[in-house]
Amino acid sequence: MNDTAIAVSGLRKTFGDKVVLDGIDLEVPAGTIFSLLGPNGAGKTTTVNLLTTLMKADGGTARVAGHDLTTDAKAVRAAIGVTGQFAAVDELLTGQENLQLMVDLNRRAGGGKRVVTDLLERFDLVESAKKPASTYSGGMRRKLDLAMTLVGDPRIIFLDEPTTGLDPRSRRTMWSIIRDLVTGGVTIFLTTQYLEEADQLADRIAVLDQGHLVATGTPDELKRRMPGTHVRLRFTTVAELDAAARIFPGATRDDETLALRVPSDGGTKSLRALLDRLDEHSIAAGEFSVQTPDLDDVFLALTGHDTEAAL
Ligand SMILES: Nc1ncnc2c1ncn2[C@@H]1O[C@H](COP(=O)(O)OP(=O)(O)OP(=O)(O)O)[C@@H](O)[C@H]1O
Ligand SMILES: [Mg+2]
């Protein structure tokens, strides 16, 4: 494989008259994490389905692991692993049996038992290995699902919303497993609705909205396209908010929450100046916080609507 794990150009997919992907381009260097970010229905799973040969595109070209998606689908399938949005775990089988099934399907000569034991240990599933998967929690199921994907030792792994529905602790476990995979040279194509997740994991992020990639870049690059750091002041009365808005003309106000956003570099000097200013005018703020932009702000800035409104 060369240095590009996934290269996509002009990828299109429509369902009936609904255009889900309207010609998207992207490139994922080998050994990196690429995150496709978007709200419900943006087309994340569709993209994964196309790139993993589960579905056919209406247009465009894509190479995965150096193989053309349409002319060499078999070679693509041999190089990749997919953990779908909905766990592919067989409920009736135990964790151990699910893994063994994958080993058998992969026709791994010998060593199959070792692979199963290793994966159970690595994913902290030894204790429940002999229980039916139907008794597993959502987090355990997701871990088992990913473990099953790893049986074939794929060099490129597609993870469709791997942490949706997981509690913060299980999410962190999943993140560290994903990071370990990348340390081992694996390329990860990850979809998520969690801006924080993309921020935490991804080398590059693409934001999918209404059929287009509206932005691509590193988490920091995307953040730089944002209004920037600001101080948020909250007041208890409209009169106070009015008074504060008068002394900080560059600020934006939110009447509903009685809050004022004052642009600031967040340094001690400017914070002190800001507080002195409030003091001079005898205005007291009920709340005071320094806010750096997060990816939620990025989404709002890039798409003109927030992630909720897009639902
Ligand atoms: N097989 C299909 N037939 C018809 N429409 C489909 C099909 N698969 C997906 N769609 C539509 O395509 C759009 C994108 O769906 P997709 O599942 O790719 O979104 P998503 O970004 O994965 O969303 P979510 O975050 O909810 O998983 C949706 O409007 C969906 O209804
Ligand atoms: Mg999906």
# chains A, B, ... in the order shown; residues from 1 in each chain; ligands from 1
call {"tool": "closest_atom_pairs", "arguments": {"of": "chain A", "to": "ligand 2", "cutoff": "9 Å", "atoms": "only C-alpha atoms and all ligand atoms", "output": "JSON lines"}}
result
{"residue": "A:Pro39", "atom": "CA", "partner": "ligand 2", "partner_atom_place_in_ligand_line": "1 (Mg)", "distance": 9.0}
{"residue": "A:Asn40", "atom": "CA", "partner": "ligand 2", "partner_atom_place_in_ligand_line": "1 (Mg)", "distance": 6.8}
{"residue": "A:Gly41", "atom": "CA", "partner": "ligand 2", "partner_atom_place_in_ligand_line": "1 (Mg)", "distance": 6.8}
{"residue": "A:Ala42", "atom": "CA", "partner": "ligand 2", "partner_atom_place_in_ligand_line": "1 (Mg)", "distance": 8.0}
{"residue": "A:Gly43", "atom": "CA", "partner": "ligand 2", "partner_atom_place_in_ligand_line": "1 (Mg)", "distance": 6.9}
{"residue": "A:Lys44", "atom": "CA", "partner": "ligand 2", "partner_atom_place_in_ligand_line": "1 (Mg)", "distance": 5.3}
{"residue": "A:Thr45", "atom": "CA", "partner": "ligand 2", "partner_atom_place_in_ligand_line": "1 (Mg)", "distance": 4.0}
{"residue": "A:Thr46", "atom": "CA", "partner": "ligand 2", "partner_atom_place_in_ligand_line": "1 (Mg)", "distance": 7.2}
{"residue": "A:Val48", "atom": "CA", "partner": "ligand 2", "partner_atom_place_in_ligand_line": "1 (Mg)", "distance": 8.6}
{"residue": "A:Gly84", "atom": "CA", "partner": "ligand 2", "partner_atom_place_in_ligand_line": "1 (Mg)", "distance": 8.6}
{"residue": "A:Gln85", "atom": "CA", "partner": "ligand 2", "partner_atom_place_in_ligand_line": "1 (Mg)", "distance": 6.1}
{"residue": "A:Phe86", "atom": "CA", "partner": "ligand 2", "partner_atom_place_in_ligand_line": "1 (Mg)", "distance": 8.9}
{"residue": "A:Asp160", "atom": "CA", "partner": "ligand 2", "partner_atom_place_in_ligand_line": "1 (Mg)", "distance": 6.6}
{"residue": "A:Glu161", "atom": "CA", "partner": "ligand 2", "partner_atom_place_in_ligand_line": "1 (Mg)", "distance": 7.1}
{"residue": "A:Thr191", "atom": "CA", "partner": "ligand 2", "partner_atom_place_in_ligand_line": "1 (Mg)", "distance": 7.9}
{"residue": "A:Thr192", "atom": "CA", "partner": "ligand 2", "partner_atom_place_in_ligand_line": "1 (Mg)", "distance": 8.5}
call {"tool": "select_by_dssp", "arguments": {"residues": "segment 52-292 of chain A", "states": "alpha helix (DSSP H)", "output": "JSON, numbers by chain"}}
result
{"A": [73, 74, 75, 76, 77, 78, 79, 95, 96, 97, 98, 99, 100, 101, 102, 103, 104, 105, 112, 113, 114, 115, 116, 117, 118, 119, 120, 121, 122, 138, 139, 140, 141, 142, 143, 144, 145, 146, 147, 148, 149, 150, 168, 169, 170, 171, 172, 173, 174, 175, 176, 177, 178, 179, 180, 181, 182, 183, 195, 196, 197, 198, 199, 200, 201, 219, 220, 221, 222, 223, 224, 238, 239, 240, 241, 242, 243, 244, 245, 246, 247, 268, 269, 270, 271, 272, 273, 274, 275, 276, 277, 278, 279, 280]}
call {"tool": "write_last_selection", "arguments": {"atoms": "C-alpha atoms", "output": "CSV table (one decimal), in the first residue's frame"}}
result
chain,number,residue,atom,x,y,z
A,73,ALA,CA,-13.9,-4.7,-4.7
A,74,LYS,CA,-12.6,-8.0,-3.6
A,75,ALA,CA,-9.1,-6.7,-2.9
A,76,VAL,CA,-10.7,-3.7,-1.0
A,77,ARG,CA,-12.7,-6.1,1.2
A,78,ALA,CA,-9.6,-8.1,2.0
A,79,ALA,CA,-7.8,-5.1,3.3
A,95,GLY,CA,-18.4,-13.5,23.3
A,96,GLN,CA,-15.9,-16.2,22.8
A,97,GLU,CA,-18.0,-18.0,20.3
A,98,ASN,CA,-18.6,-14.8,18.4
A,99,LEU,CA,-14.9,-14.2,18.1
A,100,GLN,CA,-14.2,-17.9,17.1
A,101,LEU,CA,-16.8,-17.5,14.4
A,102,MET,CA,-14.9,-14.6,12.9
A,103,VAL,CA,-11.7,-16.6,13.1
A,104,ASP,CA,-13.3,-19.4,11.2
A,105,LEU,CA,-14.8,-17.1,8.7
A,112,GLY,CA,-7.2,-19.2,16.0
A,113,LYS,CA,-7.5,-19.9,19.7
A,114,ARG,CA,-4.6,-17.6,20.6
A,115,VAL,CA,-6.2,-14.8,18.6
A,116,VAL,CA,-9.5,-15.2,20.5
A,117,THR,CA,-7.8,-15.3,23.9
A,118,ASP,CA,-5.7,-12.3,23.0
A,119,LEU,CA,-8.6,-10.2,21.9
A,120,LEU,CA,-10.7,-11.1,24.9
A,121,GLU,CA,-7.9,-10.0,27.1
A,122,ARG,CA,-7.2,-6.8,25.2
A,138,GLY,CA,-24.1,-1.7,25.1
A,139,GLY,CA,-20.5,-0.9,25.9
A,140,MET,CA,-19.4,-4.6,26.1
A,141,ARG,CA,-21.2,-5.3,22.8
A,142,ARG,CA,-19.4,-2.5,21.1
A,143,LYS,CA,-16.1,-3.7,22.3
A,144,LEU,CA,-16.8,-7.2,21.2
A,145,ASP,CA,-17.9,-5.9,17.8
A,146,LEU,CA,-14.6,-4.1,17.4
A,147,ALA,CA,-12.7,-7.1,18.6
A,148,MET,CA,-14.5,-9.2,15.9
A,149,THR,CA,-13.4,-6.6,13.3
A,150,LEU,CA,-9.8,-7.0,14.4
A,168,PRO,CA,-18.1,8.6,29.4
A,169,ARG,CA,-15.9,5.9,30.8
A,170,SER,CA,-16.6,3.3,28.1
A,171,ARG,CA,-16.1,6.0,25.5
A,172,ARG,CA,-12.7,6.7,26.9
A,173,THR,CA,-11.8,3.0,26.8
A,174,MET,CA,-12.9,2.9,23.2
A,175,TRP,CA,-10.8,6.0,22.4
A,176,SER,CA,-7.7,4.4,23.9
A,177,ILE,CA,-8.2,1.2,22.0
A,178,ILE,CA,-8.6,3.3,18.8
A,179,ARG,CA,-5.4,5.2,19.6
A,180,ASP,CA,-3.5,2.0,20.2
A,181,LEU,CA,-4.6,0.7,16.8
A,182,VAL,CA,-3.2,3.7,15.1
A,183,THR,CA,0.1,3.4,17.0
A,195,LEU,CA,-17.6,17.0,18.1
A,196,GLU,CA,-15.5,16.3,21.1
A,197,GLU,CA,-14.7,12.8,19.9
A,198,ALA,CA,-13.4,14.1,16.5
A,199,ASP,CA,-11.4,16.7,18.4
A,200,GLN,CA,-9.9,14.1,20.7
A,201,LEU,CA,-9.0,11.5,18.1
A,219,PRO,CA,-9.2,20.1,14.6
A,220,ASP,CA,-7.1,23.2,15.2
A,221,GLU,CA,-7.6,24.5,11.7
A,222,LEU,CA,-11.3,24.2,12.0
A,223,LYS,CA,-11.2,26.0,15.4
A,224,ARG,CA,-9.2,28.8,13.9
A,238,VAL,CA,-31.8,43.2,31.7
A,239,ALA,CA,-30.7,46.6,33.1
A,240,GLU,CA,-27.3,45.2,34.1
A,241,LEU,CA,-27.0,43.5,30.7
A,242,ASP,CA,-27.8,46.9,29.0
A,243,ALA,CA,-25.2,48.7,31.1
A,244,ALA,CA,-22.5,46.1,30.4
A,245,ALA,CA,-23.3,46.1,26.6
A,246,ARG,CA,-22.8,49.9,26.6
A,247,ILE,CA,-19.3,49.6,28.1
A,268,THR,CA,-4.7,37.6,32.9
A,269,LYS,CA,-4.0,41.1,31.8
A,270,SER,CA,-7.1,41.5,29.6
A,271,LEU,CA,-9.2,39.7,32.1
A,272,ARG,CA,-8.2,42.1,34.9
A,273,ALA,CA,-8.9,45.1,32.6
A,274,LEU,CA,-12.3,43.7,31.9
A,275,LEU,CA,-13.2,43.2,35.5
A,276,ASP,CA,-11.8,46.6,36.4
A,277,ARG,CA,-14.0,48.1,33.7
A,278,LEU,CA,-17.1,46.4,35.2
A,279,ASP,CA,-16.1,47.7,38.7
A,280,GLU,CA,-15.7,51.2,37.5
call {"tool": "atom_distance", "arguments": {"atom1": "atom CA of Ser264 of chain A", "atom2": "atom CA of Glu287 of chain A"}}
result
16.1 Å
call {"tool": "select_by_dssp", "arguments": {"residues": "segment 112-280 of chain A", "states": "strand (DSSP E or B)", "output": "PDB file with C-alpha atoms, in the first residue's frame"}}
result
ATOM      1  CA  PRO A 132     -24.226 -15.056  25.731  1.00  0.00           C
ATOM      2  CA  ILE A 156      -7.806   0.069   7.405  1.00  0.00           C
ATOM      3  CA  ILE A 157     -10.757   0.079   9.780  1.00  0.00           C
ATOM      4  CA  PHE A 158     -14.079   1.821   9.326  1.00  0.00           C
ATOM      5  CA  LEU A 159     -15.845   2.640  12.573  1.00  0.00           C
ATOM      6  CA  ASP A 160     -19.371   3.961  12.216  1.00  0.00           C
ATOM      7  CA  THR A 187      -5.688   3.698   9.443  1.00  0.00           C
ATOM      8  CA  ILE A 188      -9.025   4.638  10.984  1.00  0.00           C
ATOM      9  CA  PHE A 189     -12.024   6.107   9.185  1.00  0.00           C
ATOM     10  CA  LEU A 190     -14.347   7.161  11.950  1.00  0.00           C
ATOM     11  CA  THR A 191     -17.789   8.674  11.801  1.00  0.00           C
ATOM     12  CA  THR A 192     -19.191  10.480  14.770  1.00  0.00           C
ATOM     13  CA  ARG A 204      -8.180  15.410  10.134  1.00  0.00           C
ATOM     14  CA  ILE A 205     -11.882  16.103  10.255  1.00  0.00           C
ATOM     15  CA  ALA A 206     -14.397  16.583   7.470  1.00  0.00           C
ATOM     16  CA  VAL A 207     -17.790  18.068   8.213  1.00  0.00           C
ATOM     17  CA  LEU A 208     -20.625  16.623   6.136  1.00  0.00           C
ATOM     18  CA  ASP A 209     -23.719  18.727   5.647  1.00  0.00           C
ATOM     19  CA  HIS A 212     -21.231  18.318   0.779  1.00  0.00           C
ATOM     20  CA  LEU A 213     -18.085  18.381   2.826  1.00  0.00           C
ATOM     21  CA  VAL A 214     -18.418  21.919   4.106  1.00  0.00           C
ATOM     22  CA  ALA A 215     -14.985  21.913   5.725  1.00  0.00           C
ATOM     23  CA  THR A 216     -11.921  19.727   5.997  1.00  0.00           C
ATOM     24  CA  GLY A 217      -8.933  20.286   8.222  1.00  0.00           C
ATOM     25  CA  HIS A 230     -14.214  35.187  24.526  1.00  0.00           C
ATOM     26  CA  VAL A 231     -15.362  35.980  28.010  1.00  0.00           C
ATOM     27  CA  ARG A 232     -18.954  35.154  28.833  1.00  0.00           C
ATOM     28  CA  LEU A 233     -20.659  37.310  31.399  1.00  0.00           C
ATOM     29  CA  ARG A 234     -24.087  36.542  32.755  1.00  0.00           C
ATOM     30  CA  THR A 252     -22.537  40.317  21.386  1.00  0.00           C
ATOM     31  CA  ARG A 253     -25.508  39.905  23.666  1.00  0.00           C
ATOM     32  CA  ASP A 254     -27.985  37.140  24.205  1.00  0.00           C
ATOM     33  CA  ALA A 259     -25.387  36.866  28.658  1.00  0.00           C
ATOM     34  CA  LEU A 260     -22.741  38.979  27.008  1.00  0.00           C
ATOM     35  CA  ARG A 261     -19.844  37.581  24.938  1.00  0.00           C
ATOM     36  CA  VAL A 262     -16.843  39.850  25.106  1.00  0.00           C
ATOM     37  CA  PRO A 263     -13.977  39.049  22.701  1.00  0.00           C
TER      38      PRO A 263
END
call {"tool": "closest_residue", "arguments": {"among": "A:Val82, A:Val186, A:Ser9, A:Gly211", "to": "ligand 1", "atoms": "only C-alpha atoms and all ligand atoms"}}
result
A:Gly211
call {"tool": "atom_distance", "arguments": {"atom1": "atom 20 (P, counted along the ligand's line) of ligand 1", "atom2": "atom CA of Gly38 of chain A"}}
result
7.4 Å
call {"tool": "atom_distance", "arguments": {"atom1": "atom CA of Thr163 of chain A", "atom2": "atom CA of Pro29 of chain A"}}
result
23.2 Å
call {"tool": "closest_residue", "arguments": {"among": "A:Val20, A:Ala284, A:Val89, A:Leu50", "to": "ligand 1", "atoms": "only C-alpha atoms and all ligand atoms"}}
result
A:Val20
call {"tool": "closest_residue", "arguments": {"among": "A:Pro154, A:Thr4, A:Thr53, A:Phe299", "to": "Asp72 of chain A", "atoms": "only C-alpha atoms"}}
result
A:Thr53
call {"tool": "closest_residue", "arguments": {"among": "A:Leu51, A:Ala87, A:Val64, A:Ile80", "to": "Ser137 of chain A", "atoms": "only C-alpha atoms"}}
result
A:Ala87
call {"tool": "residues_around", "arguments": {"residues": "Ala202 of chain A", "least_positions_apart": "6", "cutoff": "8 Å", "atoms": "only C-alpha atoms", "output": "list in words"}}
result
Thr32, Ile33, Phe34, Ser35, Thr218 and Pro219 of chain A
call {"tool": "closest_residue", "arguments": {"among": "A:Gly10, A:Gly267, A:Gly16, A:Pro293", "to": "ligand 1", "atoms": "only C-alpha atoms and all ligand atoms"}}
result
A:Gly16
call {"tool": "closest_residue", "arguments": {"among": "A:Ala285, A:Val19, A:Leu93, A:Leu54", "to": "Ser128 of chain A", "atoms": "only C-alpha atoms"}}
result
A:Leu93
call {"tool": "residues_around", "arguments": {"residues": "Leu11 of chain A", "least_positions_apart": "4", "cutoff": "7 Å", "atoms": "only C-alpha atoms", "output": "list of chain:residue names"}}
result
A:Leu21, A:Gly23, A:Ile24, A:Asp25, A:Ala57, A:Gly59, A:Gly60, A:Thr61
call {"tool": "write_last_selection", "arguments": {"atoms": "C-alpha atoms", "output": "PDB file, in the first residue's frame"}}
result
ATOM      1  CA  LEU A  21     -23.678  12.661  -1.297  1.00  0.00           C
ATOM      2  CA  GLY A  23     -19.717  14.704  -5.045  1.00  0.00           C
ATOM      3  CA  ILE A  24     -17.373  14.468  -2.106  1.00  0.00           C
ATOM      4  CA  ASP A  25     -13.573  14.418  -2.221  1.00  0.00           C
ATOM      5  CA  ALA A  57     -21.962   4.675  -5.729  1.00  0.00           C
ATOM      6  CA  GLY A  59     -20.691   8.424  -9.464  1.00  0.00           C
ATOM      7  CA  GLY A  60     -17.133   9.308  -8.609  1.00  0.00           C
ATOM      8  CA  THR A  61     -14.077   7.209  -7.940  1.00  0.00           C
TER       9      THR A  61
END
call {"tool": "residues_around", "arguments": {"residues": "Thr292 of chain A", "least_positions_apart": "2", "cutoff": "7 Å", "atoms": "only C-alpha atoms", "output": "PDB file with N, CA and C atoms, in the first residue's frame"}}
result
ATOM      1  N   GLY A 228     -13.431  32.815  17.932  1.00  0.00           N
ATOM      2  CA  GLY A 228     -12.305  32.882  18.861  1.00  0.00           C
ATOM      3  C   GLY A 228     -12.700  32.913  20.321  1.00  0.00           C
ATOM      4  N   THR A 229     -11.661  33.019  21.139  1.00  0.00           N
ATOM      5  CA  THR A 229     -11.855  33.003  22.583  1.00  0.00           C
ATOM      6  C   THR A 229     -12.632  34.236  23.028  1.00  0.00           C
ATOM      7  N   HIS A 230     -13.484  34.044  23.999  1.00  0.00           N
ATOM      8  CA  HIS A 230     -14.214  35.187  24.526  1.00  0.00           C
ATOM      9  C   HIS A 230     -14.544  34.966  26.000  1.00  0.00           C
ATOM     10  N   VAL A 290     -14.322  32.079  30.923  1.00  0.00           N
ATOM     11  CA  VAL A 290     -13.535  32.248  29.709  1.00  0.00           C
ATOM     12  C   VAL A 290     -13.823  31.043  28.827  1.00  0.00           C
ATOM     13  N   ASP A 294     -15.310  25.439  20.766  1.00  0.00           N
ATOM     14  CA  ASP A 294     -15.228  23.993  20.564  1.00  0.00           C
ATOM     15  C   ASP A 294     -15.856  23.663  19.209  1.00  0.00           C
TER      16      ASP A 294
END
call {"tool": "decode", "arguments": {"residues": "segment 164-205 of chain A", "atoms": "N, CA and C atoms", "output": "compact mmCIF listing (two decimals), in the first residue's frame"}}
result
# COMPACT_ATOMS: atom_id res chain seq x y z
N THR A 164 -21.41 5.88 20.14
CA THR A 164 -22.76 6.38 20.38
C THR A 164 -23.45 5.52 21.43
N GLY A 165 -24.00 6.17 22.43
CA GLY A 165 -24.71 5.46 23.48
C GLY A 165 -23.83 4.93 24.60
N LEU A 166 -22.52 5.15 24.50
CA LEU A 166 -21.64 4.68 25.57
C LEU A 166 -21.51 5.73 26.67
N ASP A 167 -21.31 5.28 27.90
CA ASP A 167 -21.09 6.25 28.98
C ASP A 167 -19.67 6.81 28.85
N PRO A 168 -19.41 7.93 29.54
CA PRO A 168 -18.11 8.59 29.35
C PRO A 168 -16.91 7.67 29.58
N ARG A 169 -17.03 6.75 30.53
CA ARG A 169 -15.89 5.89 30.82
C ARG A 169 -15.66 4.88 29.69
N SER A 170 -16.74 4.25 29.22
CA SER A 170 -16.60 3.30 28.11
C SER A 170 -16.11 4.02 26.86
N ARG A 171 -16.56 5.27 26.70
CA ARG A 171 -16.12 6.04 25.55
C ARG A 171 -14.61 6.23 25.59
N ARG A 172 -14.10 6.56 26.77
CA ARG A 172 -12.65 6.74 26.91
C ARG A 172 -11.89 5.45 26.63
N THR A 173 -12.43 4.33 27.10
CA THR A 173 -11.79 3.03 26.83
C THR A 173 -11.71 2.81 25.33
N MET A 174 -12.83 3.09 24.65
CA MET A 174 -12.87 2.92 23.20
C MET A 174 -11.84 3.83 22.53
N TRP A 175 -11.75 5.07 23.00
CA TRP A 175 -10.78 6.00 22.42
C TRP A 175 -9.36 5.46 22.56
N SER A 176 -9.07 4.89 23.72
CA SER A 176 -7.69 4.44 23.91
C SER A 176 -7.40 3.20 23.06
N ILE A 177 -8.43 2.37 22.85
CA ILE A 177 -8.25 1.22 21.95
C ILE A 177 -7.97 1.73 20.53
N ILE A 178 -8.72 2.74 20.12
CA ILE A 178 -8.56 3.29 18.77
C ILE A 178 -7.16 3.90 18.61
N ARG A 179 -6.71 4.62 19.63
CA ARG A 179 -5.37 5.22 19.57
C ARG A 179 -4.29 4.14 19.47
N ASP A 180 -4.48 3.05 20.22
CA ASP A 180 -3.50 1.96 20.17
C ASP A 180 -3.42 1.34 18.78
N LEU A 181 -4.58 1.23 18.14
CA LEU A 181 -4.60 0.65 16.79
C LEU A 181 -3.77 1.50 15.84
N VAL A 182 -3.93 2.82 15.98
CA VAL A 182 -3.21 3.73 15.09
C VAL A 182 -1.71 3.67 15.37
N THR A 183 -1.36 3.54 16.64
CA THR A 183 0.06 3.38 17.00
C THR A 183 0.63 2.15 16.29
N GLY A 184 -0.21 1.13 16.14
CA GLY A 184 0.21 -0.08 15.44
C GLY A 184 0.18 0.06 13.92
N GLY A 185 -0.08 1.26 13.42
CA GLY A 185 -0.01 1.50 11.98
C GLY A 185 -1.33 1.41 11.23
N VAL A 186 -2.42 1.15 11.96
CA VAL A 186 -3.72 1.01 11.30
C VAL A 186 -4.28 2.40 10.93
N THR A 187 -5.00 2.47 9.84
CA THR A 187 -5.69 3.70 9.44
C THR A 187 -7.14 3.60 9.91
N ILE A 188 -7.65 4.67 10.49
CA ILE A 188 -9.02 4.64 10.98
C ILE A 188 -9.88 5.68 10.26
N PHE A 189 -11.01 5.21 9.75
CA PHE A 189 -12.02 6.11 9.18
C PHE A 189 -13.20 6.05 10.15
N LEU A 190 -13.41 7.15 10.83
CA LEU A 190 -14.35 7.16 11.95
C LEU A 190 -15.48 8.14 11.68
N THR A 191 -16.71 7.70 11.88
CA THR A 191 -17.79 8.67 11.80
C THR A 191 -18.26 8.95 13.22
N THR A 192 -18.69 10.15 13.44
CA THR A 192 -19.19 10.48 14.77
C THR A 192 -20.12 11.68 14.72
N GLN A 193 -20.99 11.73 15.71
CA GLN A 193 -21.81 12.94 15.89
C GLN A 193 -21.23 13.78 17.00
N TYR A 194 -20.20 13.21 17.66
CA TYR A 194 -19.64 13.93 18.80
C TYR A 194 -18.45 14.76 18.37
N LEU A 195 -18.62 16.05 18.47
CA LEU A 195 -17.57 16.96 18.06
C LEU A 195 -16.34 16.75 18.93
N GLU A 196 -16.58 16.47 20.20
CA GLU A 196 -15.45 16.27 21.11
C GLU A 196 -14.64 15.04 20.72
N GLU A 197 -15.36 14.02 20.25
CA GLU A 197 -14.67 12.79 19.85
C GLU A 197 -13.73 13.03 18.67
N ALA A 198 -14.23 13.76 17.68
CA ALA A 198 -13.41 14.08 16.52
C ALA A 198 -12.21 14.92 16.96
N ASP A 199 -12.47 15.84 17.86
CA ASP A 199 -11.43 16.73 18.37
C ASP A 199 -10.35 15.91 19.09
N GLN A 200 -10.79 14.95 19.89
CA GLN A 200 -9.87 14.13 20.68
C GLN A 200 -9.03 13.19 19.82
N LEU A 201 -9.66 12.60 18.81
CA LEU A 201 -9.00 11.50 18.11
C LEU A 201 -8.40 11.85 16.76
N ALA A 202 -9.08 12.70 16.03
CA ALA A 202 -8.79 12.77 14.59
C ALA A 202 -7.57 13.61 14.26
N ASP A 203 -6.83 13.14 13.24
CA ASP A 203 -5.78 13.97 12.66
C ASP A 203 -6.42 14.99 11.73
N ARG A 204 -7.42 14.52 11.00
CA ARG A 204 -8.18 15.41 10.13
C ARG A 204 -9.66 15.13 10.28
N ILE A 205 -10.43 16.20 10.13
CA ILE A 205 -11.88 16.10 10.25
C ILE A 205 -12.52 16.64 8.98
